[in-house]
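Undergrad: Quick one: the structure is below, questions incoming.
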Amino acid sequence: MAELPRYQPTGYLPADVPRLDFANIKESVAMTQGINASLDRLANFAFKEAEEKARREGIQWAPENAPTPEQVLAAKDDPDALQKLFAKPGTVFGDAARKVQAIQLRTELESIGRQKLAELSIKSEREGYTLDQIQQETKSLTNGYARAISAVDAEEGSRFRASISMVGSSLIATAAKKFENTFVEQRAALVTEHLASTPVTLANHIKTVSDPVELQALINAEFEKVLSVAGSVNKPGFVTEKAQDFEKIKLNAIIEYAISKDFAPTEIDGYRKLINKDYGKLSEVMKKVNIDKLKTQWLEKTGNIIEANNKTNSLALAVNQDQVNQILEDAYSGKMGSQDAFRKIKALNVTLPDSQMKALLSGEGAGATPKEFGNYESMTQRGLLGENEINSLAENKKMSWSQANKLKQQARNPDAPMRDALSYARAAVGAPGEMTFGFGYEKQRYERVQSQLRDKKYEALQTGKPFDPMQVVKEIIKVDSATTEHQQYESELKDFQDRLKNNGIKYDPLRIYTDKDLKDVGKREKQILLDMQSKLKRDKDQ
Amino acid sequence: MEVAAIALLAVSAAGSIKAGEDRNKMYQMQAKQAEVESDRRAVQYELQANEILRRTNQANAAVVARGFAGGTQGFEGSAGLIQAVNNTRGGKEFIFALSNADMTKRSGLIQSSLYQGAGQIAEQAGYFDAAGKLGQAAFMGSKIGSAPSTEPQPL
């Protein structure tokens, strides 16, 4: 039997529960959050207002309740007692009050500190303090007061230290200068004392030592002693002066020995031996002796001995003067070689003075007279003659090449005190080297100071007044610092420093701030800082 | 300047109220849409129920016709039993379809009421936001201050 047809299931099942969107709850949450945010904002306003009020009250309260410097100094070794004198930190009121108290304390202690340093200056002058004592007193004063202020407010402590250190440094610098002068005087006296005993020492050496090399070494050692002591005296020309003194003493010792029986039977024989270069054990010593100077000094010492010799020479010269002059003129104008000229003059039985003979042989005598050369030298030092002009003068026979080379050396290297003064000026105005970017203002200022210094030097040379470059450059910088332009620059620089500080960036005077350095500040603030830096001519474009 | 700032805050507060009202309207529209959507889906389930009924009847009719054609009773014996089984199976699916239609309608109504509630809350939020802004404006206005009046005071 066929199967009966049956109902075929469709497969429909109960549907899933539809997902509901609980929008009301979401809205409710959003509304609550919105209300909370509004309330938070209002609460913040209220707190800020309360803080501001507390700060104002703290600032008003502080001056009326500020501890006196005497109280602070009495309690400076007891931290707890010291803290109790000031408002308690940690609250807006306390911090504000404490800051004002610290500023007031700093101001008062600065005043007291300056007064004490002034008293110290007078006392040190009167009682003859050493430099160490002054440094010690200044340091203990600064440290003691600064520690007391720092215990309350480290920032004010630093400010006090910076402010009072300037006064202290000035005092120490004055004292150091004074001690330096005393030291210089003592050293100068030592040199003089040493030179006083040198004639005896040299005479002994010449008398007792027979080896020429050893004798020269001993005399040289004496000379070195004088130079080493004289070199520690920071006085221009002192070393040269003392070296010349020593030279005179040495010549005297040589003359004393030459006129003694140990060297030759008579004084005239001694002189002749020296002129004929028969030096004996003085052979090494005489290598460094200027024979002209020796003759002059001999004349001063013994007078009549050389007079006879000179008379002989003068007689020959009187007879042959015209020929000698002609020979010299030919030699100086380049028509005749110097060696030929020397031989021809010698053949006339005329002995030229050593200096003239040397000048003739080296060609120095050609060209400018000493007076003219002096004028050229002066012009070179004023910067009126450059190397090209000097070359031109030498080519036109206005001076010898030897003289020209001397002047060119002077033109290339200005004198040492001037160089020192310019180095000082560069450091004082804070201008870095020419190869460093930025610091346009400082460089301009350095140029300004340099120009004024050169003007002053020229003025001094013109009027013949003494000129101390270091003293003058200090005065120029002082005057320049008081100009409106510089004051304005200082003020703008201070603003720049404050703005950096407000943004939590430490100011470094030798730094040029870049985008990278200012990455943590806001975009607008960064632009302001970069503009300020550019206005101060401290950016890399300068 | 301060008047302009306060005026701007007041305008912003009005804007908050308007935004709240608009959100409320949006939710009301969504509520209607949810109801319509649920009705549409319920009708689909009802159509399914009708289809199930039609198929059950079709199967039973075939069984009855076979029974009578074979010389037996169309409503008794094995024919009756098969019809009972068909009714049970078809009835079960029919009930599912009706239940689905009912559940869909109910959930549509629930979703609609949720949207209506959300709309009311959104409108309230607009008012609260506006109130906060006005409060802020009042506070800031009171903090600005100005120079004291120089008019002569009554004695």
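Scheme for the structure tokens: letters A, B, ... for chains in order shown; per-chain residue numbers from 1; ligand numbers from 1 in order shown.
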Residues within 10 Å of stretch 124-137 of chain B, please, as an NGL selection string. Count only C-alpha atoms; anything in the same chain fewer than 2 positions from it doesn't count.

TA: (:A and (27-39 or 41-42 or 45)) or (:B and (2 or 5-24 or 118-122 or 139-143))

Undergrad: If we count only C-alpha atoms, what is near A:Lys474 at a cut-off of 9 Å, once residues fewer than 2 positions away on the same chain are taken out, given as a list in words?

TA: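 Residues near the query, excluding close chain neighbours: Ala421, Tyr424, Ala425, Ala428, Pro469, Met470, Gln471, Val472, Ile476, Ile477, Lys478 and Val479 of chain A.
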
Undergrad: Restrict the distance test to only C-alpha atoms, flag each residue of chain A within 6 Å of chain B, and return the flagged residues as a list in words.

TA: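 Within 6 Å of chain B on chain A, we get Leu4, Pro5, Arg6, Tyr7, Pro14, Ala15, Ala23, Asn24, Glu27, Met31 and Ser38 of chain A.
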
Undergrad: Store the residues picked out above in a file with N, CA and C atoms, as an mmCIF file, in the first residue's frame.

TA:
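Result file is selection_11.cif:
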```cif
data_model
loop_
_atom_site.group_PDB
_atom_site.id
_atom_site.type_symbol
_atom_site.label_atom_id
_atom_site.label_comp_id
_atom_site.auth_asym_id
_atom_site.auth_seq_id
_atom_site.Cartn_x
_atom_site.Cartn_y
_atom_site.Cartn_z
ATOM 1 N N LEU A 4 0.798 7.184 2.842
ATOM 2 C CA LEU A 4 -0.066 8.379 2.790
ATOM 3 C C LEU A 4 0.802 9.648 2.844
ATOM 4 N N PRO A 5 0.411 10.692 2.105
ATOM 5 C CA PRO A 5 1.204 11.948 2.151
ATOM 6 C C PRO A 5 1.172 12.594 3.537
ATOM 7 N N ARG A 6 2.320 13.088 3.934
ATOM 8 C CA ARG A 6 2.406 13.701 5.281
ATOM 9 C C ARG A 6 2.823 15.174 5.168
ATOM 10 N N TYR A 7 2.577 15.890 6.228
ATOM 11 C CA TYR A 7 2.969 17.328 6.284
ATOM 12 C C TYR A 7 4.501 17.438 6.331
ATOM 13 N N PRO A 14 11.379 29.455 16.487
ATOM 14 C CA PRO A 14 11.141 30.751 17.178
ATOM 15 C C PRO A 14 12.298 31.717 16.860
ATOM 16 N N ALA A 15 11.963 32.930 16.518
ATOM 17 C CA ALA A 15 12.990 33.931 16.147
ATOM 18 C C ALA A 15 13.787 34.361 17.372
ATOM 19 N N ALA A 23 19.076 53.586 23.888
ATOM 20 C CA ALA A 23 19.497 54.968 23.630
ATOM 21 C C ALA A 23 19.222 55.868 24.823
ATOM 22 N N ASN A 24 18.174 55.583 25.566
ATOM 23 C CA ASN A 24 17.839 56.441 26.719
ATOM 24 C C ASN A 24 18.946 56.397 27.762
ATOM 25 N N GLU A 27 21.989 58.297 26.490
ATOM 26 C CA GLU A 27 21.749 59.746 26.622
ATOM 27 C C GLU A 27 21.879 60.189 28.062
ATOM 28 N N MET A 31 24.415 62.866 29.455
ATOM 29 C CA MET A 31 23.954 64.063 30.161
ATOM 30 C C MET A 31 24.683 64.211 31.504
ATOM 31 N N SER A 38 30.619 70.416 33.481
ATOM 32 C CA SER A 38 30.272 71.813 33.805
ATOM 33 C C SER A 38 30.582 72.120 35.258
#
```

Undergrad: Need the shell around stretch 212-216 of chain A: protein/DNA/RNA residues with any atom at most 7 Å away, counting only C-alpha atoms. Skip same-chain ones fewer than 5 positions apart. Format as a list of chain:residue names?

TA: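 My reading of the contact set: A:His205, A:Ile206, A:Lys281, A:Leu282, A:Ser283, A:Glu284, A:Val285.
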
Undergrad: The selected residues should be written to file as a PDB file, in the first residue's frame (atoms: N, CA and C atoms).

TA:
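Result saved to again.pdb:
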```pdb
ATOM      1  N   HIS A 205     134.591  85.830  38.713  1.00  0.00           N
ATOM      2  CA  HIS A 205     134.556  84.774  37.688  1.00  0.00           C
ATOM      3  C   HIS A 205     135.684  84.975  36.683  1.00  0.00           C
ATOM      4  N   ILE A 206     135.839  86.220  36.194  1.00  0.00           N
ATOM      5  CA  ILE A 206     136.849  86.492  35.158  1.00  0.00           C
ATOM      6  C   ILE A 206     138.256  86.238  35.706  1.00  0.00           C
ATOM      7  N   LYS A 281     141.291  84.433  27.465  1.00  0.00           N
ATOM      8  CA  LYS A 281     140.199  83.611  27.991  1.00  0.00           C
ATOM      9  C   LYS A 281     138.837  84.298  27.845  1.00  0.00           C
ATOM     10  N   LEU A 282     138.861  85.544  27.312  1.00  0.00           N
ATOM     11  CA  LEU A 282     137.578  86.236  27.081  1.00  0.00           C
ATOM     12  C   LEU A 282     137.011  85.916  25.687  1.00  0.00           C
ATOM     13  N   SER A 283     137.678  84.976  24.994  1.00  0.00           N
ATOM     14  CA  SER A 283     137.296  84.737  23.594  1.00  0.00           C
ATOM     15  C   SER A 283     135.807  84.420  23.442  1.00  0.00           C
ATOM     16  N   GLU A 284     135.255  83.589  24.316  1.00  0.00           N
ATOM     17  CA  GLU A 284     133.826  83.223  24.200  1.00  0.00           C
ATOM     18  C   GLU A 284     132.935  84.382  24.635  1.00  0.00           C
ATOM     19  N   VAL A 285     133.421  85.067  25.692  1.00  0.00           N
ATOM     20  CA  VAL A 285     132.614  86.183  26.223  1.00  0.00           C
ATOM     21  C   VAL A 285     132.500  87.280  25.173  1.00  0.00           C
TER      22      VAL A 285
END
```

Undergrad: So how far away is atom CA of A:Glu185 from atom CA of A:Asp132, in Å?

TA: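 Value for the atom CA of A:Asp132-atom CA of A:Glu185 distance: 19.6 Å.
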
Undergrad: One decimal, in Å: what's the spacing between atom CA of A:Leu171 and atom CA of A:Leu120?

TA: 8.9 Å

Undergrad: Distance atom CA of A:Glu155-atom CA of A:Ala102, one decimal place?

TA: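 For atom CA of A:Glu155 relative to atom CA of A:Ala102, the distance reads 9.3 Å.
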
Undergrad: Could you pull the residues within 10 Å of A:Glu442, counting only C-alpha atoms, minus those fewer than 4 positions along the same chain, as a list in words?

TA: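 Counting only C-alpha atoms, the residues come to Arg426, Ala427, Ala428, Val429, Gly430, Ala431, Pro432, Gly438, Tyr446, Glu447, Arg448, Leu536, Lys537 and Arg538 of chain A.
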
Undergrad: Residues within 12 Å of A:Glu490, please, as a CSV table (one decimal) with N, CA and C atoms, in the first residue's frame. Count only C-alpha atoms; anything in the same chain fewer than 4 positions from it doesn't count.

TA:
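Below is the file that was written, out.csv:
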```csv
chain,number,residue,atom,x,y,z
A,429,VAL,N,83.0,92.2,26.1
A,429,VAL,CA,81.7,92.4,25.4
A,429,VAL,C,81.1,91.1,25.1
A,441,TYR,N,75.2,91.5,17.7
A,441,TYR,CA,75.3,92.8,18.4
A,441,TYR,C,76.7,92.8,19.1
A,442,GLU,N,77.1,91.7,19.8
A,442,GLU,CA,78.4,91.7,20.5
A,442,GLU,C,79.5,92.0,19.6
A,481,SER,N,78.9,100.9,27.9
A,481,SER,CA,77.9,100.2,28.6
A,481,SER,C,76.8,101.1,29.1
A,482,ALA,N,77.1,102.4,29.3
A,482,ALA,CA,76.1,103.4,29.8
A,482,ALA,C,75.3,104.0,28.6
A,483,THR,N,75.6,103.6,27.4
A,483,THR,CA,74.8,104.3,26.3
A,483,THR,C,73.4,103.7,26.3
A,484,THR,N,72.5,104.5,25.7
A,484,THR,CA,71.1,104.1,25.6
A,484,THR,C,70.9,102.9,24.8
A,485,GLU,N,71.7,102.8,23.7
A,485,GLU,CA,71.6,101.6,22.8
A,485,GLU,C,71.9,100.4,23.6
A,486,HIS,N,73.0,100.4,24.4
A,486,HIS,CA,73.4,99.2,25.1
A,486,HIS,C,72.4,98.9,26.2
A,494,LYS,N,67.3,90.8,28.9
A,494,LYS,CA,66.7,90.4,30.1
A,494,LYS,C,65.3,89.8,29.9
A,495,ASP,N,64.5,90.5,29.0
A,495,ASP,CA,63.1,90.0,28.7
A,495,ASP,C,63.2,88.6,28.1
A,496,PHE,N,64.2,88.5,27.2
A,496,PHE,CA,64.4,87.2,26.5
A,496,PHE,C,64.7,86.1,27.5
A,497,GLN,N,65.6,86.4,28.5
A,497,GLN,CA,66.0,85.5,29.5
A,497,GLN,C,64.8,85.1,30.4
A,536,LEU,N,67.6,90.4,18.8
A,536,LEU,CA,68.9,90.6,19.6
A,536,LEU,C,70.1,90.3,18.8
```

Undergrad: Compile the contact shell of A:Thr182 as a list in words: residues with an atom at most 12 Å away, counting only C-alpha atoms, same-chain residues fewer than 4 positions apart removed.

TA: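 Returned residues: Gly128, Thr130, Leu131, Ala175, Ala176, Lys177, Lys178, Gln186, Arg187, Ala188, Ala189, Val233 and Asn234 of chain A.
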
Undergrad: Pick out the closest residue to A:Val200 from this set: A:Phe439, A:Tyr257, A:Tyr129, A:Tyr458. Count only C-alpha atoms.

TA: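 The closest residue to A:Val200 is A:Tyr257.
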
Undergrad: Give me the residues within 7 Å of A:Phe246 as a list in words, counting only C-alpha atoms and dropping any in the same chain fewer than 4 places off.

TA: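 With the cut-off at 7 Å, the set is Leu195, Phe223, Lys242 and Lys250 of chain A.
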
Undergrad: Write a file of the just-selected residues containing N, CA and C atoms, as a tab-separated table (two decimals), in the first residue's frame.

TA:
```
chain	number	residue	atom	x	y	z
A	195	LEU	N	121.76	93.04	41.03
A	195	LEU	CA	122.66	93.75	40.11
A	195	LEU	C	123.78	94.46	40.87
A	223	PHE	N	123.47	86.30	34.04
A	223	PHE	CA	122.53	87.07	33.23
A	223	PHE	C	121.12	86.45	33.30
A	242	LYS	N	116.90	96.23	32.68
A	242	LYS	CA	117.82	95.51	33.56
A	242	LYS	C	118.86	94.73	32.75
A	250	LYS	N	128.75	94.01	32.78
A	250	LYS	CA	129.61	93.02	32.15
A	250	LYS	C	130.78	93.72	31.41
```
